[in-house]
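This is my_file.cif. It holds mmCIF, C-alpha atoms.
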data_start
loop_
_atom_site.label_atom_id
_atom_site.label_comp_id
_atom_site.auth_asym_id
_atom_site.auth_seq_id
_atom_site.Cartn_x
_atom_site.Cartn_y
_atom_site.Cartn_z
CA MET A 1 -19.41 -56.68 85.12
CA LYS A 2 -18.02 -56.74 81.57
CA LYS A 3 -21.39 -58.04 80.32
CA LEU A 4 -23.20 -55.18 82.11
CA ASN A 5 -20.83 -52.57 80.62
CA LYS A 6 -21.40 -53.97 77.15
CA LYS A 7 -25.17 -53.87 77.68
CA MET A 8 -25.05 -50.24 78.87
CA SER A 9 -22.87 -49.25 75.91
CA LEU A 10 -25.38 -50.80 73.52
CA ILE A 11 -28.29 -48.94 75.16
CA ILE A 12 -26.42 -45.60 74.97
CA ALA A 13 -25.54 -46.17 71.30
CA LEU A 14 -29.18 -46.92 70.44
CA MET A 15 -30.32 -43.77 72.25
CA LEU A 16 -27.84 -41.68 70.26
CA VAL A 17 -29.12 -43.13 66.98
CA VAL A 18 -32.71 -42.25 67.92
CA VAL A 19 -31.77 -38.71 68.95
CA LEU A 20 -29.77 -38.08 65.78
CA THR A 21 -32.54 -39.50 63.61
CA PHE A 22 -35.22 -37.20 65.02
CA THR A 23 -32.88 -34.21 64.99
CA GLY A 24 -32.13 -34.74 61.29
CA CYS A 25 -35.83 -34.90 60.43
CA ALA A 26 -36.76 -31.81 62.38
CA LYS A 27 -37.75 -28.75 60.37
CA PRO A 28 -35.76 -25.57 60.89
CA ALA A 29 -37.41 -22.93 63.03
CA PRO A 30 -39.27 -20.32 61.02
CA GLN A 31 -37.38 -17.08 60.42
CA SER A 32 -38.69 -14.29 62.60
CA ALA A 33 -39.56 -10.92 61.15
CA ASP A 34 -36.57 -9.28 62.80
CA GLN A 35 -34.06 -11.77 61.41
CA PRO A 36 -32.01 -10.57 58.39
CA ALA A 37 -33.36 -11.56 54.96
CA SER A 38 -31.45 -14.01 52.83
CA ALA A 39 -28.93 -12.73 50.30
CA GLU A 40 -31.25 -13.77 47.46
CA SER A 41 -34.08 -11.51 48.65
CA ASP A 42 -31.70 -8.53 48.61
CA VAL A 43 -31.21 -8.89 44.83
CA ILE A 44 -33.54 -7.94 41.99
CA LYS A 45 -32.66 -9.71 38.77
CA ILE A 46 -33.17 -8.10 35.36
CA GLY A 47 -32.52 -10.36 32.41
CA VAL A 48 -30.84 -9.19 29.20
CA PHE A 49 -30.86 -11.24 26.02
CA GLN A 50 -28.78 -9.88 23.15
CA PRO A 51 -26.98 -11.18 20.05
CA LEU A 52 -23.40 -11.28 21.34
CA THR A 53 -22.23 -13.75 18.70
CA GLY A 54 -23.37 -14.34 15.13
CA ALA A 55 -24.41 -11.89 12.40
CA ASN A 56 -25.87 -9.26 14.75
CA ALA A 57 -23.18 -9.40 17.45
CA ALA A 58 -21.88 -5.86 16.96
CA GLY A 59 -25.37 -4.41 17.39
CA GLY A 60 -26.04 -6.45 20.50
CA ALA A 61 -22.71 -5.42 22.01
CA ILE A 62 -23.27 -1.66 21.71
CA GLU A 63 -26.85 -1.94 22.98
CA LEU A 64 -25.60 -3.92 25.98
CA GLU A 65 -23.06 -1.17 26.73
CA GLY A 66 -25.95 1.17 27.49
CA VAL A 67 -27.68 -1.32 29.78
CA LYS A 68 -24.47 -1.95 31.72
CA LEU A 69 -23.71 1.76 32.02
CA ALA A 70 -27.19 2.43 33.42
CA ASN A 71 -26.71 -0.39 35.91
CA GLU A 72 -23.39 1.12 37.02
CA LEU A 73 -24.98 4.53 37.57
CA TYR A 74 -28.18 3.17 39.10
CA PRO A 75 -27.26 -0.14 40.79
CA THR A 76 -30.12 -0.32 43.30
CA VAL A 77 -33.88 0.02 43.55
CA LEU A 78 -36.18 -0.40 46.56
CA GLY A 79 -33.02 -0.66 48.64
CA LYS A 80 -31.92 -3.79 46.77
CA LYS A 81 -29.06 -4.48 44.41
CA VAL A 82 -30.00 -4.90 40.74
CA GLU A 83 -28.23 -7.83 39.13
CA LEU A 84 -28.05 -8.11 35.35
CA VAL A 85 -28.36 -11.67 34.03
CA ILE A 86 -26.98 -11.56 30.48
CA VAL A 87 -27.63 -14.30 27.92
CA ASP A 88 -26.37 -14.53 24.32
CA ASN A 89 -29.17 -15.23 21.84
CA LYS A 90 -26.53 -15.90 19.16
CA SER A 91 -28.36 -13.87 16.46
CA ASP A 92 -30.75 -16.80 16.07
CA LYS A 93 -34.54 -16.87 16.51
CA VAL A 94 -34.63 -20.31 18.17
CA GLU A 95 -31.79 -19.34 20.50
CA ALA A 96 -33.60 -16.09 21.32
CA ALA A 97 -36.71 -17.97 22.43
CA SER A 98 -34.55 -20.32 24.50
CA ALA A 99 -32.63 -17.41 26.04
CA ALA A 100 -35.84 -15.73 27.18
CA ALA A 101 -37.17 -19.02 28.58
CA ARG A 102 -33.94 -19.57 30.51
CA LEU A 103 -34.06 -16.09 32.03
CA ILE A 104 -37.63 -16.72 33.15
CA GLU A 105 -37.47 -20.35 34.29
CA LYS A 106 -33.91 -20.74 35.56
CA ASP A 107 -32.76 -17.27 36.52
CA LYS A 108 -36.14 -16.09 37.87
CA VAL A 109 -35.79 -12.53 36.57
CA SER A 110 -38.37 -9.84 37.36
CA ALA A 111 -38.12 -8.18 33.93
CA ILE A 112 -36.20 -8.54 30.65
CA ILE A 113 -34.38 -6.16 28.28
CA GLY A 114 -33.86 -7.02 24.61
CA SER A 115 -33.24 -7.65 21.89
CA TRP A 116 -31.28 -5.87 19.18
CA GLY A 117 -33.08 -7.20 16.10
CA SER A 118 -36.85 -7.29 15.78
CA SER A 119 -36.92 -10.95 14.71
CA LEU A 120 -35.06 -11.94 17.87
CA SER A 121 -37.42 -9.92 20.05
CA MET A 122 -40.47 -11.40 18.35
CA ALA A 123 -39.11 -14.89 18.93
CA ALA A 124 -39.21 -14.26 22.69
CA GLY A 125 -42.71 -12.81 22.64
CA ASP A 126 -44.65 -15.91 23.63
CA ALA A 127 -42.24 -16.74 26.47
CA VAL A 128 -42.67 -13.39 28.22
CA LYS A 129 -46.40 -13.24 27.53
CA ASN A 130 -47.12 -16.72 28.87
CA ALA A 131 -44.92 -16.27 31.94
CA LYS A 132 -46.23 -12.73 32.59
CA ILE A 133 -42.72 -11.30 32.78
CA PRO A 134 -42.45 -7.79 31.26
CA ALA A 135 -39.90 -7.19 28.52
CA VAL A 136 -38.66 -3.82 27.26
CA GLY A 137 -37.04 -3.66 23.85
CA ALA A 138 -34.46 -0.97 23.18
CA SER A 139 -34.20 -0.77 19.38
CA CYS A 140 -36.55 -3.45 17.98
CA THR A 141 -38.72 -1.37 15.62
CA ASN A 142 -41.03 -3.87 13.88
CA PRO A 143 -44.66 -3.27 15.00
CA LEU A 144 -45.21 -7.00 15.51
CA VAL A 145 -42.88 -7.03 18.55
CA THR A 146 -45.55 -5.52 20.78
CA LEU A 147 -48.70 -6.26 18.80
CA ASN A 148 -51.20 -8.30 20.86
CA ASN A 149 -48.59 -8.74 23.59
CA ASP A 150 -49.38 -6.90 26.82
CA TYR A 151 -45.99 -7.87 28.28
CA TYR A 152 -43.72 -6.44 25.57
CA PHE A 153 -42.81 -2.74 25.42
CA ARG A 154 -40.14 -0.65 23.71
CA VAL A 155 -38.41 2.69 24.14
CA CYS A 156 -37.88 3.34 20.41
CA PHE A 157 -40.16 4.49 17.59
CA ILE A 158 -41.58 1.90 15.19
CA ASP A 159 -41.04 1.23 11.49
CA PRO A 160 -44.20 2.80 10.04
CA PHE A 161 -42.85 6.14 11.31
CA GLN A 162 -39.26 5.36 10.29
CA GLY A 163 -40.34 4.28 6.79
CA THR A 164 -42.34 7.48 6.34
CA VAL A 165 -39.41 9.61 7.56
CA MET A 166 -37.09 8.14 4.95
CA ALA A 167 -39.69 8.33 2.17
CA ASN A 168 -40.16 12.01 2.99
CA TYR A 169 -36.39 12.54 2.94
CA ALA A 170 -36.08 10.85 -0.46
CA ILE A 171 -38.83 12.96 -1.99
CA ASN A 172 -38.37 16.34 -0.29
CA ARG A 173 -34.59 16.45 0.14
CA LEU A 174 -33.42 14.39 -2.82
CA GLY A 175 -36.22 15.15 -5.27
CA ALA A 176 -36.76 11.44 -5.93
CA LYS A 177 -39.76 10.38 -8.00
CA LYS A 178 -38.79 6.75 -8.56
CA ALA A 179 -37.30 4.36 -6.01
CA ALA A 180 -36.07 0.77 -5.86
CA ILE A 181 -36.07 -1.53 -2.85
CA ILE A 182 -33.39 -4.03 -1.81
CA GLN A 183 -34.39 -5.97 1.31
CA GLU A 184 -32.88 -8.61 3.56
CA VAL A 185 -35.70 -11.09 3.07
CA SER A 186 -34.74 -13.27 6.07
CA SER A 187 -35.06 -10.28 8.43
CA ASP A 188 -38.49 -9.23 9.71
CA TYR A 189 -37.02 -5.81 10.41
CA SER A 190 -35.83 -5.28 6.84
CA VAL A 191 -38.97 -6.64 5.17
CA GLY A 192 -41.23 -4.59 7.44
CA LEU A 193 -39.31 -1.35 7.02
CA ALA A 194 -39.13 -1.82 3.24
CA LYS A 195 -42.90 -2.22 3.12
CA PHE A 196 -43.56 0.92 5.17
CA PHE A 197 -41.17 2.93 2.99
CA THR A 198 -42.89 1.59 -0.12
CA ASP A 199 -46.37 2.48 1.13
CA ALA A 200 -45.30 5.97 2.20
CA PHE A 201 -43.35 6.63 -1.02
CA LYS A 202 -46.33 5.71 -3.21
CA GLU A 203 -48.71 7.81 -1.13
CA LEU A 204 -46.43 10.85 -0.98
CA THR A 205 -45.68 10.80 -4.72
CA GLY A 206 -49.27 9.97 -5.62
CA ASP A 207 -47.88 7.35 -8.00
CA GLU A 208 -48.71 3.66 -7.59
CA ASN A 209 -45.79 2.87 -9.91
CA ALA A 210 -43.25 4.98 -8.01
CA ILE A 211 -41.42 1.83 -6.84
CA VAL A 212 -39.81 0.65 -10.06
CA GLY A 213 -38.50 -2.65 -8.71
CA SER A 214 -37.30 -4.65 -5.75
CA ALA A 215 -34.69 -7.29 -4.97
CA SER A 216 -34.01 -9.57 -2.03
CA TYR A 217 -31.08 -11.31 -0.35
CA ASN A 218 -30.49 -13.43 2.75
CA THR A 219 -28.57 -12.72 5.95
CA ASN A 220 -24.86 -13.60 5.52
CA ASP A 221 -24.96 -13.20 1.72
CA GLN A 222 -21.86 -11.47 0.39
CA ASP A 223 -22.42 -11.16 -3.37
CA PHE A 224 -25.15 -8.74 -4.48
CA THR A 225 -24.06 -8.34 -8.07
CA ALA A 226 -27.17 -9.90 -9.63
CA GLN A 227 -29.62 -7.84 -7.56
CA LEU A 228 -27.73 -4.60 -8.19
CA THR A 229 -27.37 -5.23 -11.92
CA ASN A 230 -31.13 -5.68 -12.24
CA ILE A 231 -31.86 -2.58 -10.18
CA LYS A 232 -29.42 -0.46 -12.19
CA GLN A 233 -31.32 -1.22 -15.41
CA LEU A 234 -34.52 0.22 -13.86
CA ASN A 235 -32.96 3.70 -13.43
CA PRO A 236 -34.38 4.61 -9.99
CA ASP A 237 -33.62 8.00 -8.44
CA VAL A 238 -32.87 6.40 -5.08
CA ILE A 239 -32.44 2.94 -3.52
CA PHE A 240 -33.88 2.10 -0.11
CA ALA A 241 -31.94 -0.85 1.32
CA PRO A 242 -32.61 -1.43 5.05
CA GLY A 243 -30.70 -4.40 6.38
CA ASN A 244 -27.98 -5.61 8.70
CA PHE A 245 -24.85 -3.43 8.86
CA THR A 246 -22.46 -6.00 7.37
CA GLU A 247 -24.52 -6.95 4.33
CA SER A 248 -25.58 -3.33 3.75
CA ALA A 249 -21.99 -2.09 3.72
CA LEU A 250 -20.97 -4.82 1.25
CA LEU A 251 -24.00 -4.05 -0.91
CA ILE A 252 -23.12 -0.35 -1.11
CA LYS A 253 -19.47 -1.14 -1.94
CA GLN A 254 -20.55 -3.41 -4.79
CA ALA A 255 -23.07 -0.83 -6.02
CA LYS A 256 -20.28 1.74 -6.36
CA GLN A 257 -18.12 -0.81 -8.18
CA LEU A 258 -20.97 -1.33 -10.67
CA GLY A 259 -21.21 2.42 -11.30
CA ILE A 260 -24.41 2.94 -9.30
CA ASN A 261 -23.95 6.44 -7.94
CA ILE A 262 -27.48 7.33 -6.88
CA PRO A 263 -28.27 7.83 -3.16
CA ILE A 264 -28.71 4.64 -1.12
CA LEU A 265 -30.78 5.05 2.04
CA GLY A 266 -31.22 2.76 5.03
CA GLY A 267 -32.48 2.40 8.58
CA ASP A 268 -31.20 2.46 12.14
CA THR A 269 -29.19 -0.78 11.89
CA TRP A 270 -26.57 1.05 9.83
CA GLU A 271 -25.38 3.03 12.85
CA THR A 272 -22.82 0.46 13.89
CA PRO A 273 -19.03 1.03 13.66
CA GLU A 274 -18.70 -2.07 11.48
CA PHE A 275 -20.81 -0.41 8.77
CA ILE A 276 -18.04 2.15 8.22
CA ASP A 277 -15.20 -0.31 8.89
CA ILE A 278 -16.50 -2.61 6.14
CA GLY A 279 -17.83 -0.02 3.69
CA LEU A 280 -14.95 2.46 4.06
CA GLU A 281 -15.12 5.30 1.51
CA ALA A 282 -17.94 3.58 -0.37
CA VAL A 283 -20.44 4.38 2.40
CA GLU A 284 -19.56 8.09 2.41
CA GLY A 285 -22.84 9.92 1.88
CA ALA A 286 -25.02 7.02 3.04
CA VAL A 287 -28.10 8.41 4.81
CA PHE A 288 -30.20 6.59 7.38
CA SER A 289 -32.74 7.15 10.13
CA THR A 290 -31.88 6.52 13.76
CA PHE A 291 -32.91 7.34 17.32
CA PHE A 292 -30.43 9.73 18.93
CA THR A 293 -27.51 12.02 18.31
CA SER A 294 -24.84 13.10 20.76
CA GLU A 295 -24.48 16.37 18.81
CA VAL A 296 -27.91 17.56 19.95
CA PRO A 297 -28.58 16.39 23.55
CA ILE A 298 -32.34 16.22 24.11
CA THR A 299 -32.75 16.09 27.90
CA GLU A 300 -30.79 16.46 31.13
CA LYS A 301 -30.56 12.67 31.14
CA SER A 302 -28.89 12.87 27.70
CA LYS A 303 -26.11 14.94 29.22
CA GLU A 304 -25.69 12.57 32.15
CA PHE A 305 -25.52 9.60 29.78
CA LEU A 306 -23.08 11.29 27.40
CA ASP A 307 -20.74 12.44 30.19
CA ALA A 308 -20.65 8.94 31.72
CA TYR A 309 -20.20 7.18 28.38
CA ARG A 310 -17.42 9.49 27.18
CA LYS A 311 -15.60 9.11 30.47
CA LYS A 312 -15.82 5.31 30.36
CA TYR A 313 -15.19 4.68 26.64
CA ASN A 314 -13.52 7.90 25.42
CA GLN A 315 -15.69 7.98 22.30
CA GLU A 316 -19.20 8.89 21.13
CA PRO A 317 -22.03 6.41 21.76
CA ALA A 318 -24.30 4.81 19.18
CA SER A 319 -28.02 5.53 19.29
CA VAL A 320 -28.87 2.00 20.43
CA THR A 321 -26.50 2.43 23.37
CA ALA A 322 -28.64 5.33 24.58
CA LEU A 323 -31.75 3.19 24.07
CA GLY A 324 -30.26 0.33 26.09
CA PHE A 325 -29.60 2.87 28.85
CA ASP A 326 -33.22 4.04 28.67
CA ALA A 327 -34.73 0.53 28.67
CA TYR A 328 -33.01 -0.19 31.99
CA LEU A 329 -34.16 3.10 33.51
CA VAL A 330 -37.77 2.58 32.43
CA ILE A 331 -37.82 -0.79 34.21
CA LEU A 332 -36.21 0.67 37.33
CA ASP A 333 -38.73 3.51 37.36
CA ALA A 334 -41.59 1.01 37.06
CA ILE A 335 -40.24 -1.12 39.94
CA GLU A 336 -39.94 2.01 42.05
CA ARG A 337 -43.52 3.10 41.30
CA ALA A 338 -44.90 -0.42 41.77
CA ASN A 339 -42.95 -0.72 45.03
CA THR A 340 -42.61 -4.46 44.48
CA THR A 341 -40.75 -7.06 42.43
CA ASP A 342 -44.01 -8.71 41.38
CA SER A 343 -43.75 -9.02 37.60
CA VAL A 344 -47.43 -8.26 36.88
CA ALA A 345 -47.30 -5.10 39.00
CA ILE A 346 -44.07 -4.06 37.23
CA ARG A 347 -45.76 -4.68 33.87
CA ASP A 348 -48.69 -2.47 34.86
CA ALA A 349 -46.33 0.30 35.97
CA ILE A 350 -44.35 0.14 32.71
CA ALA A 351 -47.60 0.45 30.73
CA GLN A 352 -48.33 3.71 32.56
CA THR A 353 -44.99 5.30 31.64
CA THR A 354 -45.62 8.91 30.62
CA ASP A 355 -43.21 11.81 30.02
CA PHE A 356 -40.27 9.79 31.32
CA MET A 357 -36.96 11.59 30.80
CA GLY A 358 -34.58 9.24 29.01
CA ALA A 359 -31.17 9.74 27.44
CA ALA A 360 -32.65 9.38 23.95
CA GLY A 361 -35.64 11.61 24.60
CA ILE A 362 -38.91 11.86 26.49
CA ILE A 363 -40.69 8.49 26.63
CA THR A 364 -44.45 8.11 26.65
CA LEU A 365 -45.78 4.64 25.87
CA ASP A 366 -48.96 4.36 23.81
CA GLN A 367 -51.71 1.74 24.11
CA ASN A 368 -49.53 -0.79 22.24
CA GLY A 369 -46.51 -0.28 24.49
CA ASP A 370 -44.62 1.70 21.81
CA ALA A 371 -42.74 4.92 22.44
CA VAL A 372 -43.93 7.99 20.56
CA LYS A 373 -40.66 9.77 19.75
CA SER A 374 -38.80 11.83 17.18
CA ALA A 375 -36.44 10.34 14.58
CA VAL A 376 -32.94 11.51 13.76
CA ILE A 377 -31.43 11.45 10.27
CA LYS A 378 -27.67 10.94 9.95
CA VAL A 379 -25.17 10.75 7.09
CA VAL A 380 -21.74 9.16 6.89
CA LYS A 381 -19.36 12.09 6.45
CA ASP A 382 -15.56 11.91 6.68
CA GLY A 383 -15.82 8.41 8.10
CA LYS A 384 -18.19 9.40 10.91
CA PHE A 385 -21.91 9.29 11.59
CA THR A 386 -22.97 12.93 11.36
CA TYR A 387 -26.26 14.54 12.37
CA LEU A 388 -28.47 15.92 9.60
CA ASP A 389 -31.96 16.52 10.96
CA THR A 390 -34.60 15.66 13.55
CA VAL A 391 -38.11 14.66 12.45
CA GLU A 392 -40.97 14.89 14.93
CA PRO A 393 -43.89 12.43 14.88
CA VAL A 394 -47.29 13.71 13.78
CA LYS A 395 -49.32 14.44 16.90
#
Can you dump the structure from the file as structure tokens?
Amino acid sequence: MKKLNKKMSLIIALMLVVVLTFTGCAKPAPQSADQPASAESDVIKIGVFQPLTGANAAGGAIELEGVKLANELYPTVLGKKVELVIVDNKSDKVEAASAAARLIEKDKVSAIIGSWGSSLSMAAGDAVKNAKIPAVGASCTNPLVTLNNDYYFRVCFIDPFQGTVMANYAINRLGAKKAAIIQEVSSDYSVGLAKFFTDAFKELTGDENAIVGSASYNTNDQDFTAQLTNIKQLNPDVIFAPGNFTESALLIKQAKQLGINIPILGGDTWETPEFIDIGLEAVEGAVFSTFFTSEVPITEKSKEFLDAYRKKYNQEPASVTALGFDAYLVILDAIERANTTDSVAIRDAIAQTTDFMGAAGIITLDQNGDAVKSAVIKVVKDGKFTYLDTVEPVK
């Protein structure tokens, strides 16, 4: 009897093993159409790559503020939650390319926003193009960002227009006939903008020798004495010195210390609180081109943005903050019109953006994916960025 019980126990144990084995290998039943979707399918991911550390960190931070604010006000699309996946590109071109690749390959985003800094945006160009994931830049103004790249767009004007605006200002408002250039040679933004100013200044003055000299420096340089001393000897009427906010503020301080009291003009990167914090009274009177002013709201969306920003931060926003806000909204609008999260369909919808009401103006994208928009000129007055004028593009 004991032997029989042992034999039966062995048979039962073997049967259990067989049953468990086949159960473990069985595939789960397919999900029926009326079953709830997974949590993942209820989320649309938008990637953001910005310089949050390194030389450009302050610019990346204020641009990101706008993206986050837009996400707070408009957190859903197509009935799904929009999740921002934020990656630090560390103000470095190699890191920027890696950040974009990570957003595409690991995080599986449907679209990307970024980056503050044209060089950083350009570094990500191949990644978005090859993966067919649309990217929308907020403030990257170098024409090469979108050139020959059907998957890169931007909501800001580009440097040929910005350079012409500042050349016109120098000639028509300051009466300048001779100019000198000081450029941040390691920055595609600075080199490009300096070239467009140079070309426009020569054409507008009708003088091929109107640029009396130029000097260069590298990102993170802190001593500009040699460059400024050489420029001073050339007696220009004005200096055009587009560059990063930190180096530009130091350069202007040192220019004043050397007795250079002529106007020094720059570009949109100057509109960062650190420019004034570093330059202090030396940057009083500094004039630059930018994208937006809270003193002259352009659209109904401008008012909505300004009210929300002031309530959240109790201060006035920077222009690039408004552009970050707009970049997010342009993507959301494209997803809505495409009625899908398919990246190619979203790209096609972005390309068709026309007369879109943004916080920083009406956005119509041209055949290159660039926004055709007005420029704003500001001056540092009493320690604040103050509105001077608005310049419309030539139609």
**Message:** Here's the selection I'm unsure about, the PyMOL selection byres ((chain A and resi 86) around 12); applied to the file above, which residues does it give, as a PyMOL selection string?
**Reply:** chain A and resi 45-52+60-61+64-65+67-68+83-85+87-89+99-100+102-103+107+109+112-115
**Item:** One-decimal distance in Å that lies between atom CA of A:Lys106 and atom CA of A:Ala334
**Value:** 23.1 Å
**Asked** Could you spell out the hits of the PyMOL selection byres ((chain A and resi 288) around 12) on the shown file, as a PyMOL selection string?
**Response** chain A and resi 162-163+165-167+169-170+239-243+245+248+263-272+275+283-287+289-292+375-380+385-390
**the PyMOL selection byres ((chain A and resi 323) around 9) applied to the shown file, residues as a list in words** =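 Evaluating the PyMOL selection byres ((chain A and resi 323) around 9) on these coordinates yields Glu63, Gly66, Val67, Gly137, Ala138, Ser139, Val155, Cys156, Phe291, Phe292, Ser319, Val320, Thr321, Ala322, Gly324, Phe325, Asp326, Ala327, Tyr328, Gly358, Ala359 and Ala360 of chain A.
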**Prompt:** Quick one: of A:Asp126, A:Ala282, A:Leu73, A:Asp199, who's nearest to A:Lys301, counting all atoms listed in the file?
**Reply:** A:Leu73
Leaving out A:Asp188 and any residue of its chain fewer than 6 positions from it, which residues lie within 12 Å of it when counting only C-alpha atoms, given as a CSV table (one decimal) with C-alpha atoms, in the coordinates of the input?
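around_27.csv, written as the output of this step:
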chain,number,residue,atom,x,y,z
A,93,LYS,CA,-34.5,-16.9,16.5
A,117,GLY,CA,-33.1,-7.2,16.1
A,118,SER,CA,-36.8,-7.3,15.8
A,119,SER,CA,-36.9,-11.0,14.7
A,120,LEU,CA,-35.1,-11.9,17.9
A,121,SER,CA,-37.4,-9.9,20.0
A,122,MET,CA,-40.5,-11.4,18.4
A,123,ALA,CA,-39.1,-14.9,18.9
A,140,CYS,CA,-36.6,-3.4,18.0
A,141,THR,CA,-38.7,-1.4,15.6
A,142,ASN,CA,-41.0,-3.9,13.9
A,143,PRO,CA,-44.7,-3.3,15.0
A,144,LEU,CA,-45.2,-7.0,15.5
A,145,VAL,CA,-42.9,-7.0,18.6
A,159,ASP,CA,-41.0,1.2,11.5
A,194,ALA,CA,-39.1,-1.8,3.2
A,195,LYS,CA,-42.9,-2.2,3.1
A,218,ASN,CA,-30.5,-13.4,2.8
A,219,THR,CA,-28.6,-12.7,6.0
A,242,PRO,CA,-32.6,-1.4,5.0
A,243,GLY,CA,-30.7,-4.4,6.4
A,244,ASN,CA,-28.0,-5.6,8.7
**Item:** One-decimal distance in Å that lies between atom CA of A:Ala135 and atom CA of A:Arg347
**Value:**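 Atom-to-atom, atom CA of A:Arg347 to atom CA of A:Ala135, that is 8.3 Å.
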**Selected residue, from A:Leu78, A:Asp366, A:Ala318, A:Gly54, that lies nearest to A:Ala338 when counting only C-alpha atoms** = A:Leu78
**Item:** Nearby residues (only C-alpha atoms) at most 7 Å from A:Ile262, same-chain spacing under 2 positions excluded, as a ChimeraX atom specification
**Value:** /A:237-238,260,264
Residue completion, stretch 305-317 of chain A, N, CA, C and O atoms, as a short mmCIF file (atom, residue, chain, number, x, y, z; two decimals), keeping the file's coordinate frame:
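Output saved as result_10.cif:
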data_model
loop_
_atom_site.label_atom_id
_atom_site.label_comp_id
_atom_site.auth_asym_id
_atom_site.auth_seq_id
_atom_site.Cartn_x
_atom_site.Cartn_y
_atom_site.Cartn_z
N PHE A 305 -25.92 10.79 30.53
CA PHE A 305 -25.52 9.60 29.78
C PHE A 305 -24.25 9.86 28.98
O PHE A 305 -23.29 9.07 29.01
N LEU A 306 -24.23 10.98 28.25
CA LEU A 306 -23.08 11.29 27.40
C LEU A 306 -21.81 11.49 28.23
O LEU A 306 -20.73 10.99 27.86
N ASP A 307 -21.92 12.20 29.34
CA ASP A 307 -20.74 12.44 30.19
C ASP A 307 -20.19 11.11 30.71
O ASP A 307 -18.97 10.88 30.70
N ALA A 308 -21.09 10.23 31.17
CA ALA A 308 -20.65 8.94 31.72
C ALA A 308 -20.06 8.06 30.64
O ALA A 308 -19.04 7.38 30.86
N TYR A 309 -20.69 8.05 29.45
CA TYR A 309 -20.20 7.18 28.38
C TYR A 309 -18.83 7.66 27.88
O TYR A 309 -17.91 6.86 27.68
N ARG A 310 -18.70 8.95 27.66
CA ARG A 310 -17.42 9.49 27.18
C ARG A 310 -16.29 9.25 28.17
O ARG A 310 -15.16 8.95 27.77
N LYS A 311 -16.61 9.36 29.45
CA LYS A 311 -15.60 9.11 30.47
C LYS A 311 -15.17 7.65 30.48
O LYS A 311 -13.98 7.34 30.64
N LYS A 312 -16.11 6.75 30.28
CA LYS A 312 -15.82 5.31 30.36
C LYS A 312 -15.15 4.79 29.07
O LYS A 312 -14.23 3.99 29.12
N TYR A 313 -15.64 5.26 27.91
CA TYR A 313 -15.19 4.68 26.64
C TYR A 313 -14.35 5.63 25.78
O TYR A 313 -13.79 5.20 24.78
N ASN A 314 -14.30 6.91 26.15
CA ASN A 314 -13.52 7.90 25.42
C ASN A 314 -13.89 7.95 23.94
O ASN A 314 -13.02 8.06 23.07
N GLN A 315 -15.18 7.86 23.66
CA GLN A 315 -15.69 7.98 22.30
C GLN A 315 -17.17 8.34 22.36
O GLN A 315 -17.75 8.41 23.43
N GLU A 316 -17.78 8.55 21.18
CA GLU A 316 -19.20 8.89 21.13
C GLU A 316 -20.04 7.62 21.08
O GLU A 316 -19.67 6.64 20.43
N PRO A 317 -21.19 7.62 21.75
CA PRO A 317 -22.03 6.41 21.76
C PRO A 317 -22.90 6.29 20.52
O PRO A 317 -23.21 7.28 19.86
#
